[in-house]
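**Student:** Take this structure, written in structure tokens, and hold onto it; I'll ask about it next.
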2 protein chains.
Amino acid sequence: MARTQAPTQWLTPAQQHAWRSFLLGSTRLFDQLERDLRVEHDLSLAEYEMLVRLSEAPDRRLRMAELASSVSHSRSRVTHTISRLEASGLVARAACPTDRRGVIASLTDEGFARLVDAAPTHVDGVRRYLVDVGDPGDFEAAGRVFAATASRLDPQCASAELGVSRG
Amino acid sequence: MARTQAPTQWLTPAQQHAWRSFLLGSTRLFDQLERDLRVEHDLSLAEYEMLVRLSEAPDRRLRMAELASSVSHSRSRVTHTISRLEASGLVARAACPTDRRGVIASLTDEGFARLVDAAPTHVDGVRRYLVDVGDPGDFEAAGRVFAATASRLDPQCASAELGVSRG
DNA sequence: GAGCTGTTGTTGAACACTCAACCAACTGAG
DNA sequence: CTCAGTTGGTTGAGTGTTCAACAACAGCTC
């Protein structure tokens with residue numbers, strides 16, 4: 001069992017190039033999407049995502065924890081984000097009837113209207129900056145890669161830690 | 001010229017799925033890489049990236065603006081980040097001999113040592129969370145996609161704004 | 001139902017980033 | 001040379017996120 005730390009397996013030049021492209025591209029992408037939403041609709045990307053999730057939920061309401069896990073943000077972050085959205089009237093808080101700890105965030109009409117306004121800006125950006133810039137097959141491949149990453153890092157599935165660790 | 005706003009071209013279900021996978025996967029990926037570096041080496045990802053760029057530069061020194069553009073961060077952000085790194089002794093500032101406005105950031109020996117320590121943690125994470133979780137061909141495809149995004153959003157190349165805009 | 005244990009959501013302080021304003025220094029046209 | 005315009009870097013205020021601590025509740029065991 002006295003197995004020493006395995007030597008680091010560095011990235012191949014091709015892998016490193018791809019990794020750095022991703023780093024640079026995603027940095028610029030998020031920057032730009034964020035800026036577009038901020039300038040045109042006074043929303044951050046995180047706020048926009050919350051509005052989207054709420055709009056898709058039954059009755060346009062979701063519990064804080066569900067909201068948090070659906071976008072993989074910390075509960076604390078969701079609390080702060082929702083507080084801002086509540087302050088600007090886009091979201092309302094309500095008590096959860098079945099669990100007295102629970103808090104339900106619901107999209108107001110004003111929030112829905114804002115989302116309808118902002119969506120074209122956002123989708124347009126996603127298309128112009130990402131989806132439509134390269135080969136469609138490549139984009140789908142990227143989707144598969146990140147789906148794998150997402151499930152690899154799914155906090156629910158702690159087994160990933162054990163099964164596939166270093167070695 | 002009274003052409004009205006073109007109707008938004010929404011994402012297809014497949015595109016939307018890929019986009020959301022990317023959003024979720026990259027969120028978790030950056031979170032985890034950040035946490036690993038923070039916990040094991042008390043560095044943020046941004047700080048780590050700076051150290052990497054410096055370590056690769058001739059004489060391990062780079063001007064602030066070059067540093068900024070190589071990682072696509074704002075000059076202000078680079079100022080703040082380098083200030084922190086300087087405060088912890090990993091980087092030193094020096095005046096630029098050829099341009100009296102210029103400031104040169106250089107990696108200290110301590111900074112280099114810290115980077116050598118941290119690199120295995122980081123590369124290991126990149127492999128386990130991203131590079132090795134899916135099909136290698138898919139990963140290279142993702143690299144191409146984000147390279148395209150990066151150049152599409154390259155601040156140097158303002159022509160992109162004109163050539164490929166909405167229409 | 002008393003006592004654990006884990007979950008839910010909030011809080012406030014510390015930290016990181018953005019943005020606008022600013023000064024100093026370079027550049028090029030006249 | 002001079003002036004306008006641009007670039008390089010910093011600053012501080014405002015904003016957003018993290019982190020640890022906490023209170024309230026749920027679910028379980030005995």
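Each chain of the structure tokens is named A, B, ... in the order shown, its residues numbered from 1; ligands are numbered from 1 in display order.
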Could you pull the residues within 12 Å of DG6 of chain C, counting only C-alpha atoms (C1' of nucleotides), minus those fewer than 5 positions along the same chain, as number ranges by chain?
**Tutor:** D: 25-28
**Student:** Taking only C-alpha atoms (C1' of nucleotides) into account, which residues of chain C are within 8 Å of chain A, as a PyMOL selection string?
**Tutor:** chain C and resi 8-10
**Student:** From the options A:Ser44, A:Thr108, A:Gln156, A:Ser72, which residue's atoms come nearest to chain D, counting only C-alpha atoms (C1' of nucleotides)?
**Tutor:**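 Between A:Ser44, A:Thr108, A:Gln156, A:Ser72, the residue approaching chain D most closely is A:Ser44.
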**Student:** Report the closest atom pair, with its distance in Å rounded to one decimal, for each residue of chain B that has an atom no farther than 6 Å from chain A; count only C-alpha atoms, sort by chain and then rising residue number, and write it as a tab-separated table.
**Tutor:**
```
residue	atom	partner	partner_atom	distance
B:Thr8	CA	A:Pro120	CA	5.7
B:Ala18	CA	A:Gly143	CA	4.0
B:Ser21	CA	A:Ala147	CA	4.9
B:Phe22	CA	A:Phe146	CA	5.0
B:Gly25	CA	A:Ala150	CA	4.0
B:Pro120	CA	A:Thr8	CA	5.7
B:Tyr129	CA	A:Thr149	CA	5.6
B:Leu130	CA	A:Thr149	CA	5.5
B:Gly134	CA	A:Val145	CA	5.5
B:Asp138	CA	A:Ala141	CA	4.8
B:Ala141	CA	A:Asp138	CA	4.8
B:Ala142	CA	A:Ala142	CA	4.4
B:Gly143	CA	A:Ala18	CA	4.0
B:Val145	CA	A:Gly134	CA	5.5
B:Phe146	CA	A:Gly25	CA	4.8
B:Ala147	CA	A:Ser21	CA	4.9
B:Thr149	CA	A:Gly25	CA	5.3
B:Ala150	CA	A:Gly25	CA	4.0
```
**Student:** Please dump the current selection as a CSV table (one decimal), in the first residue's frame; keep C-alpha atoms.
**Tutor:**
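Resulting contents of selection.csv:
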```csv
chain,number,residue,atom,x,y,z
B,8,THR,CA,-35.8,35.7,-32.7
B,18,ALA,CA,-26.2,21.3,-25.4
B,21,SER,CA,-25.2,21.1,-20.5
B,22,PHE,CA,-22.4,23.5,-21.1
B,25,GLY,CA,-20.9,21.6,-16.7
B,120,PRO,CA,-0.4,18.9,-10.5
B,129,TYR,CA,-13.3,16.6,-14.5
B,130,LEU,CA,-13.2,17.5,-18.2
B,134,GLY,CA,-15.8,11.9,-22.5
B,138,ASP,CA,-15.5,15.3,-28.6
B,141,ALA,CA,-14.3,19.4,-31.1
B,142,ALA,CA,-15.2,21.5,-28.0
B,143,GLY,CA,-11.7,23.0,-28.3
B,145,VAL,CA,-15.9,25.6,-30.9
B,146,PHE,CA,-14.4,27.7,-28.2
B,147,ALA,CA,-11.5,28.8,-30.3
B,149,THR,CA,-15.9,31.8,-30.0
B,150,ALA,CA,-12.7,33.3,-28.6
```
**Student:** For the structure I just gave you, how does DSSP split chain B - specifically, which residues are strand (DSSP E or B)? Reply as a list of chain:residue names.
**Tutor:**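 Secondary structure check on chain B, strand (DSSP E or B): B:Arg61, B:Leu62, B:Arg63, B:Val91, B:Ala92, B:Arg93, B:Ala94, B:Ala95, B:Val103, B:Ile104, B:Ala105, B:Ser106, B:Leu107.
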**Student:** Could you take the residues named above and write them with N, CA and C atoms, as a compact mmCIF listing (two decimals), in the first residue's frame?
**Tutor:**
```txt
# COMPACT_ATOMS: atom_id res chain seq x y z
N ARG B 61 8.72 37.44 -16.96
CA ARG B 61 8.19 38.77 -16.71
C ARG B 61 7.32 39.19 -17.87
N LEU B 62 6.29 39.97 -17.56
CA LEU B 62 5.32 40.37 -18.57
C LEU B 62 4.74 41.71 -18.17
N ARG B 63 4.42 42.51 -19.17
CA ARG B 63 3.78 43.78 -18.86
C ARG B 63 2.32 43.55 -18.50
N VAL B 91 4.82 37.52 -6.75
CA VAL B 91 5.07 38.34 -7.93
C VAL B 91 5.69 39.65 -7.46
N ALA B 92 6.53 40.22 -8.30
CA ALA B 92 7.10 41.54 -7.99
C ALA B 92 6.81 42.49 -9.14
N ARG B 93 6.67 43.75 -8.81
CA ARG B 93 6.45 44.76 -9.84
C ARG B 93 7.75 45.49 -10.11
N ALA B 94 7.91 45.91 -11.38
CA ALA B 94 9.08 46.72 -11.71
C ALA B 94 8.67 47.71 -12.79
N ALA B 95 9.40 48.80 -12.89
CA ALA B 95 9.12 49.78 -13.92
C ALA B 95 9.60 49.25 -15.26
N VAL B 103 4.30 48.90 -16.47
CA VAL B 103 4.66 48.18 -15.26
C VAL B 103 4.88 46.72 -15.65
N ILE B 104 5.98 46.18 -15.15
CA ILE B 104 6.30 44.80 -15.47
C ILE B 104 6.11 43.93 -14.24
N ALA B 105 5.32 42.89 -14.41
CA ALA B 105 5.14 41.92 -13.32
C ALA B 105 6.09 40.77 -13.55
N SER B 106 6.80 40.38 -12.51
CA SER B 106 7.72 39.25 -12.68
C SER B 106 7.49 38.22 -11.58
N LEU B 107 7.63 36.98 -11.96
CA LEU B 107 7.42 35.87 -11.05
C LEU B 107 8.63 35.77 -10.11
```
**Student:** Please, which residues of chain D lie no more than 12 Å from chain A when the count uses only C-alpha atoms (C1' of nucleotides), and can they be set out as a list in words?
**Tutor:**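 So the contacting residues turn out to be DT15, DG16, DT17, DT18, DC19, DA20, DA23, DA24, DC25, DA26 and DG27 of chain D.
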**Student:** Hey, can you spit out that residue selection with C-alpha atoms (C1' of nucleotides) as a PDB file, in the first residue's frame?
**Tutor:**
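Listed below is the output, again-v3.pdb:
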```
ATOM      1  C1'  DT D  15     -21.875  45.168  -6.631  1.00  0.00           C
ATOM      2  C1'  DG D  16     -21.878  40.177  -6.478  1.00  0.00           C
ATOM      3  C1'  DT D  17     -20.114  35.788  -4.442  1.00  0.00           C
ATOM      4  C1'  DT D  18     -18.217  32.880  -0.897  1.00  0.00           C
ATOM      5  C1'  DC D  19     -17.821  31.150   3.536  1.00  0.00           C
ATOM      6  C1'  DA D  20     -18.874  30.020   8.246  1.00  0.00           C
ATOM      7  C1'  DA D  23     -31.883  29.239  13.776  1.00  0.00           C
ATOM      8  C1'  DA D  24     -35.799  26.749  12.495  1.00  0.00           C
ATOM      9  C1'  DC D  25     -37.723  22.723  11.098  1.00  0.00           C
ATOM     10  C1'  DA D  26     -38.100  17.696   9.387  1.00  0.00           C
ATOM     11  C1'  DG D  27     -37.403  12.853   9.925  1.00  0.00           C
TER      12       DG D  27
END
```
**Student:** For the atom pair atom CA of Met50 of chain B and atom CA of Leu33 of chain B, what is the interatomic distance in Å to one decimal place?
**Tutor:**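 Distance between the two atoms: 15.2 Å.
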**Student:** Using atom CA of Glu47 of chain A and atom C1' of DT11 of chain C as the two end points, give the distance in Å to one decimal.
**Tutor:**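 It comes out at 20.4 Å.
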**Student:** How close does each residue of chain D get to segment 22-25 of chain C, giving the shortest atom pair and distance in Å to one decimal for every residue with an atom at most 12 Å away, counting only C-alpha atoms (C1' of nucleotides), sorted by chain and residue number, as CSV?
**Tutor:**
```
residue,atom,partner,partner_atom,distance
D:DT6,C1',C:DA25,C1',10.5
D:DT7,C1',C:DA25,C1',8.7
D:DG8,C1',C:DA25,C1',8.3
D:DG9,C1',C:DA24,C1',9.2
D:DT10,C1',C:DC22,C1',8.6
D:DT11,C1',C:DC22,C1',8.2
D:DG12,C1',C:DC22,C1',11.1
```
**Student:** I need the helix (DSSP H, G or I) residues of segment 6-151 of chain B per DSSP on the backbone, written as a ChimeraX atom specification.
**Tutor:** /B:13-41,45-56,58-60,64-71,75-87,109-131,136-151
**Student:** I'd like to know which of B:Leu37, B:Ala6, B:Cys157, B:Leu85 is closest to Leu54 of chain B, using only C-alpha atoms.
**Tutor:**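 For Leu54 of chain B, the nearest of the given residues is B:Leu85.
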**Student:** Report as a ChimeraX atom specification all protein, DNA and RNA residues lying within 12 Å of DG1 of chain C, evaluated on only C-alpha atoms (C1' of nucleotides), omitting residues in the same chain fewer than 2 positions from it.
**Tutor:** /C:3 /D:29-30
